[in-house]
>>> print(open('my_file24.tsv').read())   # TSV, C-alpha atoms
chain	number	residue	atom	x	y	z
A	1	MET	CA	-44.60	-39.91	19.11
A	2	THR	CA	-44.03	-43.33	20.64
A	3	GLN	CA	-40.57	-44.72	21.54
A	4	ARG	CA	-40.64	-47.06	18.54
A	5	GLU	CA	-41.53	-44.23	16.15
A	6	GLY	CA	-38.77	-42.10	17.68
A	7	ASP	CA	-36.18	-44.86	17.07
A	8	LEU	CA	-37.37	-45.34	13.52
A	9	PHE	CA	-37.13	-41.59	12.87
A	10	GLU	CA	-33.61	-41.50	14.29
A	11	ARG	CA	-32.48	-44.46	12.13
A	12	ALA	CA	-34.09	-42.88	9.05
A	13	THR	CA	-32.17	-39.64	9.75
A	14	GLU	CA	-28.92	-41.58	10.10
A	15	PHE	CA	-29.59	-43.45	6.86
A	16	LEU	CA	-30.35	-40.19	5.06
A	17	ALA	CA	-27.08	-38.64	6.30
A	18	MET	CA	-25.17	-41.72	5.17
A	19	PHE	CA	-26.86	-41.63	1.78
A	20	ARG	CA	-25.96	-37.93	1.40
A	21	ARG	CA	-22.29	-38.66	2.24
A	22	GLY	CA	-22.35	-41.48	-0.34
A	23	ALA	CA	-23.86	-39.14	-2.95
A	24	GLU	CA	-21.23	-36.49	-2.20
A	25	PHE	CA	-18.44	-39.06	-2.55
A	26	THR	CA	-19.86	-40.30	-5.84
A	27	ARG	CA	-20.07	-36.73	-7.15
A	28	GLU	CA	-16.42	-36.14	-6.20
A	29	LEU	CA	-15.41	-39.37	-7.97
A	30	VAL	CA	-17.26	-38.35	-11.13
A	31	GLU	CA	-15.58	-34.92	-11.07
A	32	GLU	CA	-12.10	-36.46	-10.57
A	33	ASN	CA	-12.80	-38.88	-13.40
A	34	ALA	CA	-13.75	-36.01	-15.70
A	35	ARG	CA	-10.63	-34.04	-14.72
A	36	LEU	CA	-8.38	-37.02	-15.48
A	37	ARG	CA	-10.12	-37.59	-18.82
A	38	ARG	CA	-9.49	-33.94	-19.76
A	39	LYS	CA	-5.79	-34.22	-18.72
A	40	LEU	CA	-5.38	-37.43	-20.74
A	41	HIS	CA	-6.98	-35.83	-23.74
A	42	GLU	CA	-4.74	-32.77	-23.40
A	43	LEU	CA	-1.58	-34.92	-23.22
A	44	GLU	CA	-2.70	-37.05	-26.16
A	45	THR	CA	-3.36	-33.93	-28.19
A	46	ARG	CA	0.03	-32.45	-27.27
A	47	GLN	CA	1.83	-35.67	-28.13
A	48	SER	CA	0.01	-35.95	-31.42
A	49	ASP	CA	0.74	-32.26	-32.24
A	50	ALA	CA	4.38	-32.72	-31.30
A	51	ALA	CA	4.62	-35.81	-33.47
A	52	GLN	CA	3.27	-33.83	-36.42
A	53	ASP	CA	5.21	-30.62	-35.70
A	54	PRO	CA	9.01	-31.16	-35.44
A	55	LYS	CA	9.44	-27.72	-33.75
A	56	GLU	CA	6.95	-28.54	-31.06
A	57	TRP	CA	8.60	-31.96	-30.68
A	58	GLU	CA	12.03	-30.28	-30.32
A	59	ARG	CA	10.66	-27.77	-27.80
A	60	LEU	CA	9.14	-30.58	-25.77
A	61	ARG	CA	12.40	-32.55	-25.93
A	62	GLU	CA	14.44	-29.51	-24.75
A	63	GLU	CA	11.96	-28.87	-21.98
A	64	LEU	CA	12.30	-32.46	-20.80
A	65	THR	CA	16.11	-32.44	-21.14
A	66	GLU	CA	16.29	-29.27	-19.03
A	67	ARG	CA	14.07	-30.86	-16.44
A	68	ILE	CA	16.26	-34.00	-16.37
A	69	GLN	CA	19.39	-31.84	-16.02
A	70	GLY	CA	17.74	-29.91	-13.18
A	71	LEU	CA	16.85	-33.13	-11.40
A	72	GLU	CA	20.36	-34.50	-11.97
A	73	SER	CA	21.87	-31.35	-10.46
A	74	GLU	CA	19.49	-31.56	-7.48
A	75	ARG	CA	20.49	-35.20	-7.00
A	76	GLN	CA	24.17	-34.23	-7.14
A	77	ASP	CA	23.63	-31.50	-4.51
A	78	ALA	CA	21.75	-33.94	-2.29
A	79	LEU	CA	24.55	-36.52	-2.62
A	80	GLU	CA	27.19	-33.91	-1.75
A	81	ARG	CA	25.19	-32.81	1.29
A	82	LEU	CA	24.84	-36.47	2.31
A	83	ARG	CA	28.60	-37.02	1.94
A	84	ALA	CA	29.30	-33.89	4.03
A	85	LEU	CA	26.87	-35.10	6.69
A	86	GLU	CA	28.44	-38.56	6.71
A	87	GLN	CA	31.88	-37.00	7.11
A	88	GLU	CA	30.59	-34.79	9.93
A	89	ASN	CA	29.03	-37.85	11.59
A	90	ARG	CA	32.32	-39.75	11.36
A	91	HIS	CA	34.12	-36.75	12.83
A	92	PHE	CA	31.62	-36.55	15.72
A	93	ALA	CA	31.91	-40.30	16.33
A	94	ARG	CA	35.72	-40.01	16.44
A	95	ARG	CA	35.50	-37.03	18.82
A	96	CYS	CA	33.03	-38.95	20.97
A	97	VAL	CA	35.48	-41.87	21.28
A	98	GLU	CA	38.35	-39.44	22.01
A	99	ILE	CA	36.31	-37.63	24.67
A	100	GLU	CA	35.29	-40.97	26.20
A	101	GLU	CA	38.98	-41.99	26.35
A	102	GLU	CA	39.99	-38.62	27.81
A	103	ASN	CA	37.21	-38.92	30.37
A	104	ASN	CA	38.38	-42.40	31.28
A	105	SER	CA	41.99	-41.22	31.57
A	106	LEU	CA	41.06	-38.25	33.74
A	107	ALA	CA	38.95	-40.46	36.02
A	108	ASN	CA	41.87	-42.90	36.42
A	109	LEU	CA	44.36	-40.11	37.10
A	110	TYR	CA	42.03	-38.35	39.54
A	111	VAL	CA	41.31	-41.56	41.47
A	112	ALA	CA	44.99	-42.53	41.58
A	113	SER	CA	46.00	-39.08	42.82
A	114	TYR	CA	43.13	-38.93	45.33
A	115	GLN	CA	43.98	-42.34	46.79
A	116	LEU	CA	47.73	-41.62	47.00
A	117	HIS	CA	47.08	-38.55	49.13
A	118	SER	CA	44.30	-40.06	51.22
A	119	THR	CA	46.52	-41.28	54.07
A	120	LEU	CA	49.75	-40.60	55.97
A	121	ASP	CA	50.17	-44.20	57.03
A	122	LEU	CA	53.22	-45.63	55.21
A	123	PRO	CA	52.06	-49.26	54.82
A	124	GLU	CA	48.70	-47.93	53.56
A	125	VAL	CA	50.42	-45.63	51.03
A	126	LEU	CA	52.53	-48.55	49.77
A	127	ARG	CA	49.41	-50.72	49.52
A	128	ILE	CA	47.69	-48.01	47.47
A	129	VAL	CA	50.71	-47.69	45.15
A	130	VAL	CA	50.64	-51.44	44.49
A	131	GLU	CA	46.87	-51.39	44.09
A	132	ILE	CA	47.09	-48.66	41.43
A	133	VAL	CA	49.76	-50.53	39.51
A	134	ILE	CA	47.76	-53.79	39.60
A	135	ASN	CA	44.22	-52.48	39.04
A	136	LEU	CA	44.71	-49.41	36.84
A	137	ILE	CA	47.78	-50.42	34.85
A	138	GLY	CA	47.33	-54.21	34.82
A	139	ALA	CA	50.64	-55.38	36.28
A	140	GLU	CA	50.90	-58.91	37.66
A	141	VAL	CA	54.21	-58.76	39.48
A	142	VAL	CA	55.30	-55.47	41.03
A	143	SER	CA	57.77	-54.32	43.62
A	144	VAL	CA	58.24	-50.97	45.36
A	145	TYR	CA	61.77	-50.05	46.43
A	146	ALA	CA	62.75	-47.47	49.02
A	147	HIS	CA	66.03	-45.64	48.64
A	148	ASP	CA	68.07	-46.18	51.79
A	149	GLU	CA	70.12	-43.00	52.09
A	150	LYS	CA	72.56	-44.59	54.53
A	151	THR	CA	73.53	-47.58	52.37
A	152	GLY	CA	72.63	-45.97	49.05
A	153	ARG	CA	70.77	-49.15	48.06
A	154	LEU	CA	67.21	-49.73	46.93
A	155	GLU	CA	65.38	-51.99	49.40
A	156	PRO	CA	62.12	-53.75	48.48
A	157	VAL	CA	59.40	-52.47	50.84
A	158	ALA	CA	56.21	-53.73	49.16
A	159	ALA	CA	55.39	-56.33	46.52
A	160	GLU	CA	52.54	-58.13	44.82
A	161	GLY	CA	52.51	-61.25	42.67
A	162	ARG	CA	55.69	-62.58	44.31
A	163	ASP	CA	56.97	-62.69	47.88
A	164	ARG	CA	58.74	-59.44	48.82
A	165	ASN	CA	61.76	-61.39	50.13
A	166	ARG	CA	62.37	-62.76	46.64
A	167	PHE	CA	63.17	-59.28	45.35
A	168	PRO	CA	66.84	-58.51	46.09
A	169	ALA	CA	68.10	-55.10	47.18
A	170	LEU	CA	69.49	-53.18	44.22
A	171	ALA	CA	72.37	-50.81	43.71
A	172	VAL	CA	71.74	-47.36	42.29
A	173	GLY	CA	73.24	-47.11	38.80
A	174	THR	CA	73.02	-50.86	38.08
A	175	GLY	CA	70.30	-52.64	36.11
A	176	LEU	CA	67.13	-51.04	34.72
A	177	VAL	CA	65.85	-49.95	38.16
A	178	GLY	CA	69.21	-48.64	39.38
A	179	VAL	CA	69.85	-46.69	36.18
A	180	SER	CA	66.31	-45.29	36.18
A	181	VAL	CA	66.78	-44.06	39.78
A	182	GLU	CA	70.19	-42.60	38.98
A	183	ARG	CA	68.92	-40.76	35.91
A	184	GLY	CA	65.52	-39.91	37.36
A	185	GLU	CA	63.90	-41.27	34.20
A	186	ILE	CA	61.10	-43.76	33.61
A	187	LEU	CA	62.73	-46.64	31.73
A	188	THR	CA	60.72	-49.31	29.88
A	189	ARG	CA	61.34	-52.56	28.14
A	190	GLU	CA	58.72	-53.90	25.71
A	191	PRO	CA	56.76	-56.92	27.05
A	192	GLY	CA	58.29	-60.03	25.48
A	193	ALA	CA	61.49	-58.20	24.51
A	194	ALA	CA	64.79	-59.95	25.16
A	195	GLY	CA	66.60	-58.99	28.33
A	196	ALA	CA	67.71	-60.27	31.67
A	197	ALA	CA	65.00	-62.44	33.21
A	198	GLU	CA	65.07	-60.48	36.45
A	199	GLU	CA	64.88	-57.09	34.78
A	200	PRO	CA	61.47	-55.36	35.04
A	201	LEU	CA	59.40	-54.15	32.10
A	202	VAL	CA	59.17	-50.69	33.62
A	203	SER	CA	61.03	-48.81	36.31
A	204	ILE	CA	59.45	-45.64	37.67
A	205	PRO	CA	61.85	-43.58	39.78
A	206	LEU	CA	60.24	-41.87	42.76
A	207	ARG	CA	61.61	-38.39	43.32
A	208	VAL	CA	60.67	-35.26	45.20
A	209	GLY	CA	62.70	-32.47	43.68
A	210	ASP	CA	66.29	-33.75	43.63
A	211	ARG	CA	65.70	-36.22	46.44
A	212	SER	CA	65.41	-39.87	45.40
A	213	ILE	CA	62.74	-41.74	47.37
A	214	GLY	CA	62.89	-45.10	45.58
A	215	ALA	CA	61.33	-46.80	42.58
A	216	ILE	CA	58.39	-48.86	41.39
A	217	ALA	CA	59.27	-51.81	39.19
A	218	LEU	CA	56.72	-53.69	37.06
A	219	PHE	CA	58.00	-57.18	36.23
A	220	SER	CA	55.11	-58.71	34.31
A	221	LEU	CA	51.60	-57.90	33.09
A	222	LEU	CA	48.26	-59.65	33.58
A	223	VAL	CA	47.48	-62.16	30.80
A	224	GLN	CA	44.79	-59.88	29.35
A	225	LYS	CA	47.13	-56.87	29.21
A	226	GLU	CA	49.11	-57.14	25.99
A	227	LYS	CA	50.96	-53.83	25.95
A	228	PHE	CA	51.16	-50.40	27.56
A	229	ASN	CA	49.02	-47.54	26.28
A	230	ALA	CA	48.95	-43.74	26.51
A	231	LEU	CA	47.04	-43.83	29.82
A	232	ASP	CA	49.72	-46.08	31.32
A	233	ASP	CA	52.37	-43.47	30.43
A	234	GLU	CA	50.25	-40.83	32.21
A	235	LEU	CA	49.93	-43.09	35.25
A	236	PHE	CA	53.70	-43.76	35.29
A	237	ALA	CA	54.32	-40.00	35.33
A	238	LEU	CA	51.68	-39.46	38.02
A	239	LEU	CA	53.15	-42.22	40.19
A	240	ALA	CA	56.69	-40.85	39.75
A	241	GLY	CA	55.63	-37.56	41.33
A	242	HIS	CA	52.63	-38.26	43.54
A	243	ALA	CA	53.66	-41.64	44.95
A	244	ALA	CA	57.03	-40.12	45.83
A	245	THR	CA	55.49	-37.20	47.76
A	246	SER	CA	52.99	-39.52	49.48
A	247	ILE	CA	55.72	-41.95	50.57
A	248	LEU	CA	57.98	-39.10	51.74
A	249	ALA	CA	55.09	-37.44	53.61
A	250	ALA	CA	54.23	-40.75	55.30
A	251	GLN	CA	57.90	-41.38	56.20
A	252	LEU	CA	58.22	-37.87	57.68
A	253	HIS	CA	54.94	-38.28	59.52
A	254	ALA	CA	56.12	-41.61	60.99
A	255	GLN	CA	59.43	-40.00	62.02
A	256	SER	CA	57.69	-37.04	63.68
A	257	GLU	CA	55.31	-39.44	65.47
A	258	ARG	CA	58.29	-41.43	66.79
A	259	LYS	CA	60.04	-38.22	67.91
A	260	LEU	CA	56.87	-36.98	69.55
A	261	ASN	CA	56.48	-40.27	71.44
A	262	THR	CA	60.11	-40.14	72.56
A	263	MET	CA	59.71	-36.55	73.73
A	264	GLN	CA	56.52	-37.40	75.58
A	265	GLY	CA	58.27	-40.35	77.21
A	266	LEU	CA	61.13	-38.12	78.30
A	267	ILE	CA	58.78	-35.48	79.66
A	268	GLU	CA	56.89	-38.13	81.58
A	269	LEU	CA	60.16	-39.46	83.02
A	270	LEU	CA	61.29	-35.97	84.04
A	271	THR	CA	57.99	-34.96	85.58
A	272	ARG	CA	57.45	-38.20	87.50
B	273	MET	CA	11.93	-43.92	35.89
B	274	GLN	CA	12.53	-46.53	38.57
B	275	ARG	CA	15.58	-45.97	40.79
B	276	ARG	CA	18.16	-48.79	40.46
B	277	ARG	CA	20.46	-49.91	43.25
B	278	ILE	CA	23.91	-51.28	42.47
B	279	LEU	CA	26.26	-52.92	44.97
B	280	ILE	CA	30.02	-52.78	44.35
B	281	VAL	CA	31.77	-55.62	46.18
B	282	GLU	CA	35.47	-54.81	45.93
B	283	ASP	CA	38.30	-54.73	48.49
B	284	SER	CA	40.34	-52.08	46.65
B	285	PRO	CA	39.27	-48.52	47.58
B	286	THR	CA	40.87	-47.34	44.32
B	287	MET	CA	38.70	-49.64	42.22
B	288	ARG	CA	35.58	-48.82	44.24
B	289	GLN	CA	36.12	-45.11	43.65
B	290	LEU	CA	36.81	-45.65	39.95
B	291	LEU	CA	33.64	-47.75	39.54
B	292	MET	CA	31.61	-45.17	41.47
B	293	PHE	CA	32.92	-42.53	39.07
B	294	ALA	CA	31.78	-44.54	36.07
B	295	LEU	CA	28.38	-45.55	37.46
B	296	LYS	CA	27.49	-42.02	38.57
B	297	ARG	CA	27.06	-41.22	34.88
B	298	LEU	CA	23.92	-43.38	34.83
B	299	PRO	CA	20.70	-41.58	35.74
B	300	ASN	CA	18.57	-42.71	38.67
B	301	VAL	CA	21.13	-45.04	40.17
B	302	GLU	CA	22.10	-45.49	43.80
B	303	ILE	CA	25.49	-47.06	44.45
B	304	VAL	CA	26.43	-48.88	47.64
B	305	GLU	CA	29.91	-50.21	48.48
B	306	ALA	CA	31.00	-53.40	50.22
B	307	ARG	CA	34.65	-54.07	51.08
B	308	ASP	CA	34.67	-57.89	50.88
B	309	GLY	CA	32.46	-60.87	50.10
B	310	MET	CA	31.04	-61.14	53.60
B	311	ASP	CA	30.19	-57.43	53.75
B	312	GLY	CA	28.62	-57.84	50.29
B	313	LEU	CA	26.48	-60.79	51.36
B	314	ARG	CA	25.29	-58.93	54.46
B	315	LYS	CA	24.23	-55.94	52.37
B	316	LEU	CA	22.62	-58.05	49.65
B	317	THR	CA	20.53	-60.06	52.10
B	318	GLY	CA	19.55	-57.01	54.14
B	319	ASP	CA	18.35	-54.81	51.32
B	320	HIS	CA	17.15	-54.83	47.71
B	321	PHE	CA	19.70	-54.48	44.89
B	322	ASP	CA	19.20	-54.61	41.12
B	323	LEU	CA	22.80	-55.52	40.27
B	324	ALA	CA	26.06	-56.54	41.96
B	325	LEU	CA	29.57	-55.85	40.62
B	326	VAL	CA	31.83	-58.41	42.26
B	327	ASP	CA	35.62	-58.76	42.45
B	328	ILE	CA	37.05	-62.27	42.77
B	329	ASN	CA	40.17	-61.90	44.92
B	330	MET	CA	38.98	-60.46	48.21
B	331	PRO	CA	39.76	-61.08	51.88
B	332	VAL	CA	37.28	-62.75	54.31
B	333	MET	CA	35.14	-64.18	51.47
B	334	ASP	CA	36.14	-64.29	47.80
B	335	GLY	CA	33.90	-63.36	44.90
B	336	LEU	CA	33.29	-66.91	43.65
B	337	LYS	CA	31.98	-68.02	47.04
B	338	LEU	CA	29.81	-64.93	47.19
B	339	ILE	CA	28.32	-65.70	43.75
B	340	ARG	CA	27.56	-69.27	44.85
B	341	LEU	CA	25.81	-68.03	48.00
B	342	ILE	CA	23.85	-65.41	46.06
B	343	ARG	CA	22.57	-68.01	43.61
B	344	ASP	CA	21.59	-70.32	46.49
B	345	GLU	CA	19.49	-67.53	48.02
B	346	GLU	CA	15.99	-67.66	46.50
B	347	ALA	CA	15.41	-63.90	46.68
B	348	LEU	CA	18.73	-63.17	44.95
B	349	ALA	CA	18.81	-66.05	42.48
B	350	HIS	CA	17.91	-63.84	39.50
B	351	MET	CA	19.79	-60.66	40.43
B	352	PRO	CA	22.35	-59.89	37.69
B	353	ILE	CA	26.02	-60.22	38.70
B	354	ALA	CA	29.00	-58.78	36.82
B	355	VAL	CA	32.47	-59.91	37.79
B	356	ILE	CA	35.33	-57.38	37.57
B	357	THR	CA	38.66	-59.04	38.23
B	358	THR	CA	42.36	-59.25	37.47
B	359	GLU	CA	41.93	-62.97	36.68
B	360	GLY	CA	42.02	-63.07	32.88
B	361	ALA	CA	42.43	-66.80	32.28
B	362	GLU	CA	39.65	-68.51	30.31
B	363	GLU	CA	39.09	-71.13	33.05
B	364	ASP	CA	38.46	-68.35	35.62
B	365	ARG	CA	35.88	-66.78	33.31
B	366	ALA	CA	34.22	-70.15	32.69
B	367	ARG	CA	34.13	-70.93	36.42
B	368	ALA	CA	32.53	-67.60	37.32
B	369	LEU	CA	29.94	-67.88	34.53
B	370	ALA	CA	29.17	-71.48	35.50
B	371	LEU	CA	28.53	-70.36	39.08
B	372	GLY	CA	25.98	-67.86	37.85
B	373	ALA	CA	27.77	-64.62	36.93
B	374	ASP	CA	26.09	-62.82	34.03
B	375	ALA	CA	29.12	-60.87	32.78
B	376	TYR	CA	32.88	-61.09	33.22
B	377	LEU	CA	35.18	-58.08	32.86
B	378	THR	CA	38.91	-58.06	33.38
B	379	LYS	CA	41.01	-55.27	34.90
B	380	PRO	CA	42.17	-52.76	33.96
B	381	VAL	CA	38.61	-51.79	32.98
B	382	GLN	CA	37.41	-49.00	30.74
B	383	ALA	CA	34.55	-46.94	32.19
B	384	GLY	CA	32.68	-47.18	28.88
B	385	ARG	CA	32.82	-50.99	28.92
B	386	VAL	CA	31.55	-51.13	32.53
B	387	LEU	CA	28.69	-48.78	31.66
B	388	ALA	CA	27.75	-50.81	28.58
B	389	VAL	CA	27.59	-54.04	30.62
B	390	VAL	CA	25.64	-52.41	33.45
B	391	ARG	CA	23.13	-50.90	30.99
B	392	GLU	CA	22.68	-54.29	29.36
B	393	LEU	CA	22.17	-56.11	32.65
B	394	LEU	CA	19.81	-53.46	34.02
B	395	LYS	CA	18.08	-53.15	30.64
B	396	VAL	CA	18.27	-49.35	30.71
>>> encode(input="my_file24.tsv", output="structure tokens")
Amino acid sequence: MTQREGDLFERATEFLAMFRRGAEFTRELVEENARLRRKLHELETRQSDAAQDPKEWERLREELTERIQGLESERQDALERLRALEQENRHFARRCVEIEEENNSLANLYVASYQLHSTLDLPEVLRIVVEIVINLIGAEVVSVYAHDEKTGRLEPVAAEGRDRNRFPALAVGTGLVGVSVERGEILTREPGAAGAAEEPLVSIPLRVGDRSIGAIALFSLLVQKEKFNALDDELFALLAGHAATSILAAQLHAQSERKLNTMQGLIELLTR
Amino acid sequence: MQRRRILIVEDSPTMRQLLMFALKRLPNVEIVEARDGMDGLRKLTGDHFDLALVDINMPVMDGLKLIRLIRDEEALAHMPIAVITTEGAEEDRARALALGADAYLTKPVQAGRVLAVVRELLKV
């Protein structure tokens, strides 16, 4: 067989296969057509019988009513399931928001605590305290007071938003800061509430056990910070305890360093 | 998935740690810190970064100057920049955006908000 004859044979085989598939499809169509005709005839007969026979008509009606009721009940079940799912979804969405907020709060508290205990250098500790109040709480003007045990007064030792020298020393027991230190309680005043112009919005007393270390006073908030929230309350409480221990530890460290230097100086003098 | 590099330019160690905490929740991300604008510029010009989070009030070089210099640098002209600052006034926002910042967030920031902005800017 030549190449040309081979090609022709191949094409003829392909055509034959295609023709057979076409014939098969046509046969299936004819069968489907016949089946539908039979079904139509059956339904027409049933309808015509039912129309002539009231009992058959009634039976057919009851059958259809039952079917409708079944479908209605299924629809009701589906709607109830959908409502339950929607409620569950809302619950999960609420939980998700709550968890996100808790996560955010924990991160803030962890970072604040970590930073407060990251150094024994007093100016650095004070800088971190101010930084936390500005960046994590959103205060604009803040002052940190140290309790001078000799004079009994509260001396400003760090500030932000206003020059430190513009904050006067305060007496314990007087004004919001003094009262808060005396009572050992965090005292707040709502932003925008009436009160003495120089009084802070919040005073956080710094205490280690019964020992008063000082106070942190927040005088105003950043423009974008409208009010305090639950996380701020947590941060106030954290600062009251952790900032106090950090400041005291740094003060004691500085004292011991000074004593050590004095001792070393003395030893050097004696051994010269 | 391609690894993304983010530079945090912020003088406050507290804020840097807080932002690191938030960004670590993103997969395939490497975070680098810079403590002021100058340190940030040095790191940005010496290496590749996909995003910079920039504070405004910083010693040595402030955030606005850094943004201007980034946008003047051809290789960095299209790198997304998000500002995170205490400056909440509308004119500060407008100034930063006019200089070329892509997003402007004010402190105190929520980790979720930072992540949403970073995802949007990185298109992840």
>>> residues_around(input="my_file24.tsv", residues="Pro200 of chain A", least_positions_apart="6", cutoff="10 Å", atoms="only C-alpha atoms", output="PyMOL selection string")
chain A and resi 141-143+175-177+187-191+216-220
>>> write_last_selection(input="my_file24.tsv", atoms="C-alpha atoms", output="mmCIF file, in the coordinates of the input")
data_model
loop_
_atom_site.group_PDB
_atom_site.id
_atom_site.type_symbol
_atom_site.label_atom_id
_atom_site.label_comp_id
_atom_site.auth_asym_id
_atom_site.auth_seq_id
_atom_site.Cartn_x
_atom_site.Cartn_y
_atom_site.Cartn_z
ATOM 1 C CA VAL A 141 54.210 -58.760 39.480
ATOM 2 C CA VAL A 142 55.300 -55.470 41.030
ATOM 3 C CA SER A 143 57.770 -54.320 43.620
ATOM 4 C CA GLY A 175 70.300 -52.640 36.110
ATOM 5 C CA LEU A 176 67.130 -51.040 34.720
ATOM 6 C CA VAL A 177 65.850 -49.950 38.160
ATOM 7 C CA LEU A 187 62.730 -46.640 31.730
ATOM 8 C CA THR A 188 60.720 -49.310 29.880
ATOM 9 C CA ARG A 189 61.340 -52.560 28.140
ATOM 10 C CA GLU A 190 58.720 -53.900 25.710
ATOM 11 C CA PRO A 191 56.760 -56.920 27.050
ATOM 12 C CA ILE A 216 58.390 -48.860 41.390
ATOM 13 C CA ALA A 217 59.270 -51.810 39.190
ATOM 14 C CA LEU A 218 56.720 -53.690 37.060
ATOM 15 C CA PHE A 219 58.000 -57.180 36.230
ATOM 16 C CA SER A 220 55.110 -58.710 34.310
#
>>> residues_around(input="my_file24.tsv", residues="Ser113 of chain A", least_positions_apart="3", cutoff="10 Å", atoms="only C-alpha atoms", output="PDB file with C-alpha atoms, keeping the file's coordinate frame")
ATOM      1  CA  ALA A 107      38.950 -40.460  36.020  1.00  0.00           C
ATOM      2  CA  ASN A 108      41.870 -42.900  36.420  1.00  0.00           C
ATOM      3  CA  LEU A 109      44.360 -40.110  37.100  1.00  0.00           C
ATOM      4  CA  TYR A 110      42.030 -38.350  39.540  1.00  0.00           C
ATOM      5  CA  LEU A 116      47.730 -41.620  47.000  1.00  0.00           C
ATOM      6  CA  HIS A 117      47.080 -38.550  49.130  1.00  0.00           C
ATOM      7  CA  SER A 118      44.300 -40.060  51.220  1.00  0.00           C
ATOM      8  CA  ILE A 132      47.090 -48.660  41.430  1.00  0.00           C
ATOM      9  CA  LEU A 235      49.930 -43.090  35.250  1.00  0.00           C
ATOM     10  CA  LEU A 238      51.680 -39.460  38.020  1.00  0.00           C
ATOM     11  CA  LEU A 239      53.150 -42.220  40.190  1.00  0.00           C
ATOM     12  CA  GLY A 241      55.630 -37.560  41.330  1.00  0.00           C
ATOM     13  CA  HIS A 242      52.630 -38.260  43.540  1.00  0.00           C
ATOM     14  CA  ALA A 243      53.660 -41.640  44.950  1.00  0.00           C
ATOM     15  CA  SER A 246      52.990 -39.520  49.480  1.00  0.00           C
TER      16      SER A 246
ATOM     17  CA  THR B 286      40.870 -47.340  44.320  1.00  0.00           C
TER      18      THR B 286
END
>>> closest_residue(input="my_file24.tsv", among="B:Glu302, B:Glu362, B:Asp308, B:Glu345", to="chain A", atoms="only C-alpha atoms")
B:Glu362
>>> closest_atom_pairs(input="my_file24.tsv", of="chain B", to="chain A", cutoff="12 Å", atoms="all atoms listed in the file", output="JSON lines")
{"residue": "B:Glu282", "atom": "CA", "partner": "A:Asn135", "partner_atom": "CA", "distance": 11.4}
{"residue": "B:Asp283", "atom": "CA", "partner": "A:Glu131", "partner_atom": "CA", "distance": 10.2}
{"residue": "B:Ser284", "atom": "CA", "partner": "A:Glu131", "partner_atom": "CA", "distance": 7.0}
{"residue": "B:Pro285", "atom": "CA", "partner": "A:Gln115", "partner_atom": "CA", "distance": 7.8}
{"residue": "B:Thr286", "atom": "CA", "partner": "A:Gln115", "partner_atom": "CA", "distance": 6.4}
{"residue": "B:Met287", "atom": "CA", "partner": "A:Asn135", "partner_atom": "CA", "distance": 7.0}
{"residue": "B:Arg288", "atom": "CA", "partner": "A:Val111", "partner_atom": "CA", "distance": 9.7}
{"residue": "B:Gln289", "atom": "CA", "partner": "A:Val111", "partner_atom": "CA", "distance": 6.7}
{"residue": "B:Leu290", "atom": "CA", "partner": "A:Val111", "partner_atom": "CA", "distance": 6.3}
{"residue": "B:Leu291", "atom": "CA", "partner": "A:Ala107", "partner_atom": "CA", "distance": 9.7}
{"residue": "B:Met292", "atom": "CA", "partner": "A:Ala107", "partner_atom": "CA", "distance": 10.3}
{"residue": "B:Phe293", "atom": "CA", "partner": "A:Ala107", "partner_atom": "CA", "distance": 7.1}
{"residue": "B:Ala294", "atom": "CA", "partner": "A:Ala107", "partner_atom": "CA", "distance": 8.2}
{"residue": "B:Leu295", "atom": "CA", "partner": "A:Ala107", "partner_atom": "CA", "distance": 11.8}
{"residue": "B:Lys296", "atom": "CA", "partner": "A:Ala107", "partner_atom": "CA", "distance": 11.8}
{"residue": "B:Arg297", "atom": "CA", "partner": "A:Asn103", "partner_atom": "CA", "distance": 11.3}
{"residue": "B:Asp327", "atom": "CA", "partner": "A:Asn135", "partner_atom": "CA", "distance": 11.2}
{"residue": "B:Asn329", "atom": "CA", "partner": "A:Asn135", "partner_atom": "CA", "distance": 11.8}
{"residue": "B:Ile356", "atom": "CA", "partner": "A:Asn135", "partner_atom": "CA", "distance": 10.3}
{"residue": "B:Thr357", "atom": "CA", "partner": "A:Asn135", "partner_atom": "CA", "distance": 8.6}
{"residue": "B:Thr358", "atom": "CA", "partner": "A:Leu222", "partner_atom": "CA", "distance": 7.1}
{"residue": "B:Glu359", "atom": "CA", "partner": "A:Leu222", "partner_atom": "CA", "distance": 7.8}
{"residue": "B:Gly360", "atom": "CA", "partner": "A:Gln224", "partner_atom": "CA", "distance": 5.5}
{"residue": "B:Ala361", "atom": "CA", "partner": "A:Val223", "partner_atom": "CA", "distance": 7.0}
{"residue": "B:Glu362", "atom": "CA", "partner": "A:Gln224", "partner_atom": "CA", "distance": 10.1}
{"residue": "B:Asp364", "atom": "CA", "partner": "A:Val223", "partner_atom": "CA", "distance": 12.0}
{"residue": "B:Arg365", "atom": "CA", "partner": "A:Gln224", "partner_atom": "CA", "distance": 11.9}
{"residue": "B:Leu377", "atom": "CA", "partner": "A:Gln224", "partner_atom": "CA", "distance": 10.4}
{"residue": "B:Thr378", "atom": "CA", "partner": "A:Gln224", "partner_atom": "CA", "distance": 7.4}
{"residue": "B:Lys379", "atom": "CA", "partner": "A:Asn135", "partner_atom": "CA", "distance": 5.9}
{"residue": "B:Pro380", "atom": "CA", "partner": "A:Leu136", "partner_atom": "CA", "distance": 5.1}
{"residue": "B:Val381", "atom": "CA", "partner": "A:Leu136", "partner_atom": "CA", "distance": 7.6}
{"residue": "B:Gln382", "atom": "CA", "partner": "A:Asn104", "partner_atom": "CA", "distance": 6.7}
{"residue": "B:Ala383", "atom": "CA", "partner": "A:Asn104", "partner_atom": "CA", "distance": 6.0}
{"residue": "B:Gly384", "atom": "CA", "partner": "A:Glu100", "partner_atom": "CA", "distance": 7.2}
{"residue": "B:Arg385", "atom": "CA", "partner": "A:Asn104", "partner_atom": "CA", "distance": 10.5}
{"residue": "B:Val386", "atom": "CA", "partner": "A:Asn104", "partner_atom": "CA", "distance": 11.2}
{"residue": "B:Leu387", "atom": "CA", "partner": "A:Glu100", "partner_atom": "CA", "distance": 11.6}
